[in-house]
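Working notes, structure below.
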Amino acid sequence: VYGEVAVGWERVGDSLRVTVRLPPNTHATIRLPQARLGTVEEGTTPVTAAVGIRSTKQDGEDTVVEAGSGEYRLMYPILKDGLGTPPSR
């Protein structure tokens, strides 16, 4: 593998932003804890329709994303108590 593999995260209000960078000719499995698949976006696009995303699935309380090389900015609401309910505003 030639190139940088990087992952970072930050809380933005009631959401979590996860940034992933994958070098050319690689792919990765990204597990987003306590994320509901229908609420995850890559940029402003639902993750299920985002360019470079190979597959997505709900695995219990987590969303699992298979991504090809590129840079991704995944964002989703932080769930209250892990019960699948976004915090009230």
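Labeling convention for the structure tokens: chains A, B, ... as they appear, residues from 1 per chain, ligands from 1 in order of appearance.
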>> Which residues are close to range 56-66 of chain A, i.e. within 8 Å by only C-alpha atoms, leaving aside same-chain residues fewer than 4 positions away? Reply as a PyMOL selection string.
In response: chain A and resi 27-37+47-48+82+84
>> To one decimal place in Å, what is the distance between CA of Ala6 in chain A and CA of Leu74 in chain A?
In response: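 Going from CA of Ala6 in chain A over to CA of Leu74 in chain A covers 13.5 Å.
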Can you list, as a compact mmCIF listing (two decimals) with all heavy atoms, in the first residue's frame, every protein, DNA or RNA residue that comes within 9 Å of Tyr72 in chain A when you count only C-alpha atoms, leaving out same-chain residues fewer than 2 positions away?
```txt
# COMPACT_ATOMS: atom_id res chain seq x y z
N VAL A 18 -17.30 11.29 10.81
CA VAL A 18 -16.17 10.38 10.69
C VAL A 18 -15.55 10.62 9.32
O VAL A 18 -16.23 10.53 8.30
CB VAL A 18 -16.61 8.91 10.83
CG1 VAL A 18 -15.43 7.97 10.65
CG2 VAL A 18 -17.28 8.68 12.19
N THR A 19 -14.25 10.95 9.30
CA THR A 19 -13.54 11.19 8.05
C THR A 19 -12.58 10.03 7.82
O THR A 19 -11.83 9.65 8.72
CB THR A 19 -12.76 12.52 8.12
OG1 THR A 19 -13.66 13.56 8.45
CG2 THR A 19 -12.10 12.83 6.80
N VAL A 20 -12.61 9.46 6.60
CA VAL A 20 -11.79 8.31 6.26
C VAL A 20 -11.08 8.62 4.94
O VAL A 20 -11.72 9.07 3.98
CB VAL A 20 -12.64 7.04 6.11
CG1 VAL A 20 -11.77 5.85 5.72
CG2 VAL A 20 -13.43 6.75 7.37
N ARG A 21 -9.77 8.37 4.88
CA ARG A 21 -9.00 8.53 3.65
C ARG A 21 -8.32 7.20 3.33
O ARG A 21 -7.57 6.67 4.15
CB ARG A 21 -7.95 9.62 3.81
CG ARG A 21 -7.22 9.92 2.51
CD ARG A 21 -6.20 11.06 2.64
NE ARG A 21 -6.76 12.18 3.37
CZ ARG A 21 -6.15 12.76 4.42
NH1 ARG A 21 -5.00 12.32 4.85
NH2 ARG A 21 -6.71 13.77 5.03
N LEU A 22 -8.58 6.69 2.11
CA LEU A 22 -8.03 5.41 1.67
C LEU A 22 -7.22 5.62 0.39
O LEU A 22 -7.74 6.22 -0.55
CB LEU A 22 -9.15 4.41 1.41
CG LEU A 22 -10.10 4.14 2.57
CD1 LEU A 22 -11.28 3.31 2.11
CD2 LEU A 22 -9.36 3.45 3.69
N GLU A 42 -22.97 10.68 3.36
CA GLU A 42 -21.60 10.93 2.92
C GLU A 42 -21.67 12.27 2.22
O GLU A 42 -22.27 12.38 1.14
CB GLU A 42 -21.11 9.84 1.97
CG GLU A 42 -19.59 9.77 1.80
CD GLU A 42 -18.99 10.95 1.07
OE1 GLU A 42 -19.43 11.26 -0.05
OE2 GLU A 42 -18.08 11.59 1.63
N GLY A 43 -21.12 13.30 2.87
CA GLY A 43 -21.36 14.66 2.38
C GLY A 43 -22.83 14.99 2.57
O GLY A 43 -23.33 14.94 3.68
N GLY A 52 -18.31 5.57 -4.60
CA GLY A 52 -17.19 4.91 -3.93
C GLY A 52 -17.59 3.93 -2.85
O GLY A 52 -16.78 3.14 -2.40
N ALA A 67 -16.05 0.56 1.65
CA ALA A 67 -15.69 1.69 0.81
C ALA A 67 -14.42 1.41 0.02
O ALA A 67 -13.49 0.76 0.53
CB ALA A 67 -15.48 2.93 1.67
N GLY A 70 -10.43 6.51 -1.72
CA GLY A 70 -11.00 7.86 -1.78
C GLY A 70 -11.09 8.47 -0.41
O GLY A 70 -10.57 7.93 0.58
N LEU A 74 -18.40 10.93 6.57
CA LEU A 74 -19.64 10.28 6.99
C LEU A 74 -20.19 11.00 8.21
O LEU A 74 -19.45 11.29 9.15
CB LEU A 74 -19.37 8.81 7.31
CG LEU A 74 -18.71 8.02 6.17
CD1 LEU A 74 -18.20 6.68 6.67
CD2 LEU A 74 -19.68 7.84 5.01
```
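CA of Ala50 in chain A is positioned 11.2 Å from CA of Gly68 in chain A.
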>> Excluding Glu10 in chain A and its own-chain neighbours fewer than 5 positions away, which residues fall within 12 Å of it when counting only C-alpha atoms? Please give them as a list in words.
In response: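 The residues that qualify are Ser15, Leu16, Arg17, Val18, Thr19, Arg73, Leu74, Met75, Tyr76, Pro77 and Ile78 of chain A.
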>> When you count only C-alpha atoms, which of these residues is closest to Asn25 in chain A: A:Tyr2, A:Ala49, A:Ser55, A:Gly38?
In response: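 Among the listed residues, A:Tyr2 lies closest to Asn25 in chain A.
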>> Run DSSP on the backbone and tell me which residues of chain A come out as helix (DSSP H, G or I); list them as JSON, numbers by chain.
In response: {"A": [37, 38, 39, 47, 48, 49]}
